[in-house]
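The next block holds one structure in the form of structure tokens; read it before the comments.
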Amino acid sequence: MLLYQPSRLQSSVIERHRHARPYATVVLSGRYEEAGDAGRFKVEPGDVLLHRPFSAHLDRISGEVATVLDLPLPLHASFWPAKGRIADPDELVRLSQTDRRSAAGYILKEFRAVCDDGEDIPDLLAKALAGVEPPTIGGWAEAAGRTREHVSRAFSAVYGVSPARYRSEARARNAWQMIVAGDASLAAVAADAGFADQAHMARAIRSFTGTTPTAWRKWAQRSSSRQEPTGEMAVS
């Protein structure tokens, strides 16, 4: 049986990276900042971050060492709010060392969402770019009373990626979620997600996930009759 042990994060910047499968990070000690596709969060002991499939983020650990526990999640957890808390992290650690499925179930049962919306320019832009109808960078900057260059520099410094790349990844991720969670036609998903056409969406999702929308839809149909307790997402 695969068991999970806490990890220690030394003071550093962990550059932006992507995880294909959904998982939870439970903070056991220390504090750090994570900036990713769900926004920017300052976390402390007892906080839980739920990461969606193909989530990307960077982490800034400064000062004290942070101890975290990462646990795989079932796919349906990826549609929950990103940040929350659990009352008894020690119980979760105990469960993770005996039964990983019980540990994942404990997180989802005890998880209580918290709001942590930033008000800085990069965070406001990130929220806008991740929406269903993301704005142009220049138009958003003008409305905020800033230049496009200023906004782009500030955003890249915080999130480790350009606003345009962040927007394109968010669009692909949103389309992927519609494909695996719904039954609308792929053409309808492409239109709803803001792609020029289905072929445009197919290229974006294949580049983003490594697999075509058609293969993902077939995978979702095969998986609909069972829960994926560990977040396994193989489509072969």
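Quick note on naming: the chains in the structure tokens go A, B, ... in the order shown, residues restart at 1 in each chain, and ligands are numbered from 1 in order of appearance.
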Those in segment 64-232 of chain A with alpha helix (DSSP H) from DSSP, as a tab-separated table (two decimals) with C-alpha atoms, in the first residue's frame:
```
chain	number	residue	atom	x	y	z
A	89	PRO	CA	-4.23	18.08	10.67
A	90	ASP	CA	-2.72	15.54	13.07
A	91	GLU	CA	-5.61	13.16	12.41
A	92	LEU	CA	-5.00	13.53	8.69
A	93	VAL	CA	-1.33	12.67	9.12
A	94	ARG	CA	-2.31	9.57	11.07
A	95	LEU	CA	-4.74	8.46	8.38
A	96	SER	CA	-2.22	9.10	5.60
A	100	ARG	CA	-4.65	6.87	1.77
A	101	ARG	CA	-8.30	6.60	0.70
A	102	SER	CA	-9.49	7.41	4.21
A	103	ALA	CA	-7.07	10.35	4.27
A	104	ALA	CA	-8.48	11.76	1.02
A	105	GLY	CA	-12.02	11.23	2.31
A	106	TYR	CA	-11.14	13.00	5.55
A	107	ILE	CA	-9.91	16.06	3.66
A	108	LEU	CA	-13.09	16.33	1.60
A	109	LYS	CA	-15.31	15.79	4.64
A	110	GLU	CA	-13.53	18.28	6.91
A	121	ILE	CA	-2.99	44.37	-9.58
A	122	PRO	CA	-1.50	40.92	-10.42
A	123	ASP	CA	-4.15	39.11	-8.37
A	124	LEU	CA	-7.05	41.08	-9.81
A	125	LEU	CA	-5.74	40.44	-13.31
A	126	ALA	CA	-5.28	36.71	-12.59
A	127	LYS	CA	-8.91	36.45	-11.49
A	128	ALA	CA	-10.08	38.22	-14.64
A	129	LEU	CA	-7.93	36.09	-16.94
A	137	ILE	CA	-4.35	42.53	-21.44
A	138	GLY	CA	-4.23	46.03	-22.90
A	139	GLY	CA	-7.93	46.69	-22.33
A	140	TRP	CA	-7.75	45.50	-18.73
A	141	ALA	CA	-4.66	47.59	-18.04
A	142	GLU	CA	-6.28	50.72	-19.49
A	143	ALA	CA	-9.40	50.19	-17.37
A	148	ARG	CA	0.11	47.19	-20.50
A	149	GLU	CA	3.86	47.00	-19.90
A	150	HIS	CA	3.51	47.81	-16.20
A	151	VAL	CA	0.74	45.28	-15.70
A	152	SER	CA	2.59	42.54	-17.58
A	153	ARG	CA	5.81	43.05	-15.62
A	154	ALA	CA	4.01	43.05	-12.28
A	155	PHE	CA	2.03	39.95	-13.18
A	156	SER	CA	5.03	37.98	-14.41
A	157	ALA	CA	7.01	38.86	-11.28
A	158	VAL	CA	4.29	37.39	-9.04
A	159	TYR	CA	3.00	34.45	-11.09
A	163	PRO	CA	-0.54	37.23	-18.60
A	164	ALA	CA	-1.14	35.98	-22.15
A	165	ARG	CA	0.20	32.50	-21.30
A	166	TYR	CA	-1.81	32.43	-18.07
A	167	ARG	CA	-4.96	33.28	-20.03
A	168	SER	CA	-4.37	30.62	-22.69
A	169	GLU	CA	-3.73	27.95	-20.04
A	170	ALA	CA	-6.87	28.96	-18.15
A	171	ARG	CA	-8.94	28.69	-21.33
A	172	ALA	CA	-7.57	25.22	-22.08
A	173	ARG	CA	-8.13	24.10	-18.49
A	174	ASN	CA	-11.69	25.42	-18.45
A	175	ALA	CA	-12.46	23.60	-21.70
A	176	TRP	CA	-10.94	20.40	-20.36
A	177	GLN	CA	-13.17	20.58	-17.27
A	178	MET	CA	-16.26	21.05	-19.45
A	179	ILE	CA	-15.26	18.01	-21.52
A	180	VAL	CA	-14.73	15.63	-18.61
A	181	ALA	CA	-17.54	16.93	-16.40
A	186	LEU	CA	-17.01	19.30	-28.33
A	187	ALA	CA	-18.02	22.04	-30.77
A	188	ALA	CA	-20.27	23.57	-28.10
A	189	VAL	CA	-17.50	23.35	-25.51
A	190	ALA	CA	-15.12	25.12	-27.88
A	191	ALA	CA	-17.60	27.95	-28.38
A	192	ASP	CA	-18.42	28.27	-24.67
A	198	GLN	CA	-13.22	22.99	-32.34
A	199	ALA	CA	-9.89	22.49	-34.12
A	200	HIS	CA	-8.40	25.45	-32.23
A	201	MET	CA	-9.56	23.93	-28.95
A	202	ALA	CA	-8.21	20.50	-29.88
A	203	ARG	CA	-4.75	21.91	-30.52
A	204	ALA	CA	-4.76	23.85	-27.26
A	205	ILE	CA	-5.92	20.93	-25.11
A	206	ARG	CA	-3.52	18.49	-26.72
A	207	SER	CA	-0.64	20.91	-26.15
A	208	PHE	CA	-1.76	21.54	-22.55
A	209	THR	CA	-2.59	17.96	-21.47
A	213	PRO	CA	-10.40	16.28	-26.39
A	214	THR	CA	-11.94	13.19	-28.03
A	215	ALA	CA	-9.77	10.88	-25.93
A	216	TRP	CA	-10.64	12.82	-22.77
A	217	ARG	CA	-14.36	12.60	-23.50
A	218	LYS	CA	-14.08	8.81	-23.96
A	219	TRP	CA	-12.10	8.58	-20.72
A	220	ALA	CA	-14.77	10.56	-18.87
A	221	GLN	CA	-17.52	8.30	-20.21
A	222	ARG	CA	-15.64	5.19	-19.10
A	223	SER	CA	-15.02	6.69	-15.66
```
At what distance in Å, to one decimal, does atom CA of Ala130 of chain A lie from atom CA of Arg18 of chain A?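 Going from atom CA of Arg18 of chain A over to atom CA of Ala130 of chain A, I get 16.2 Å.
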Counting only C-alpha atoms, which of A:Pro22, A:Gly30, A:Pro45, A:Gly39 gets nearest to Pro74 of chain A?
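Checking each candidate against Pro74 of chain A, we get A:Pro22 as the closest.
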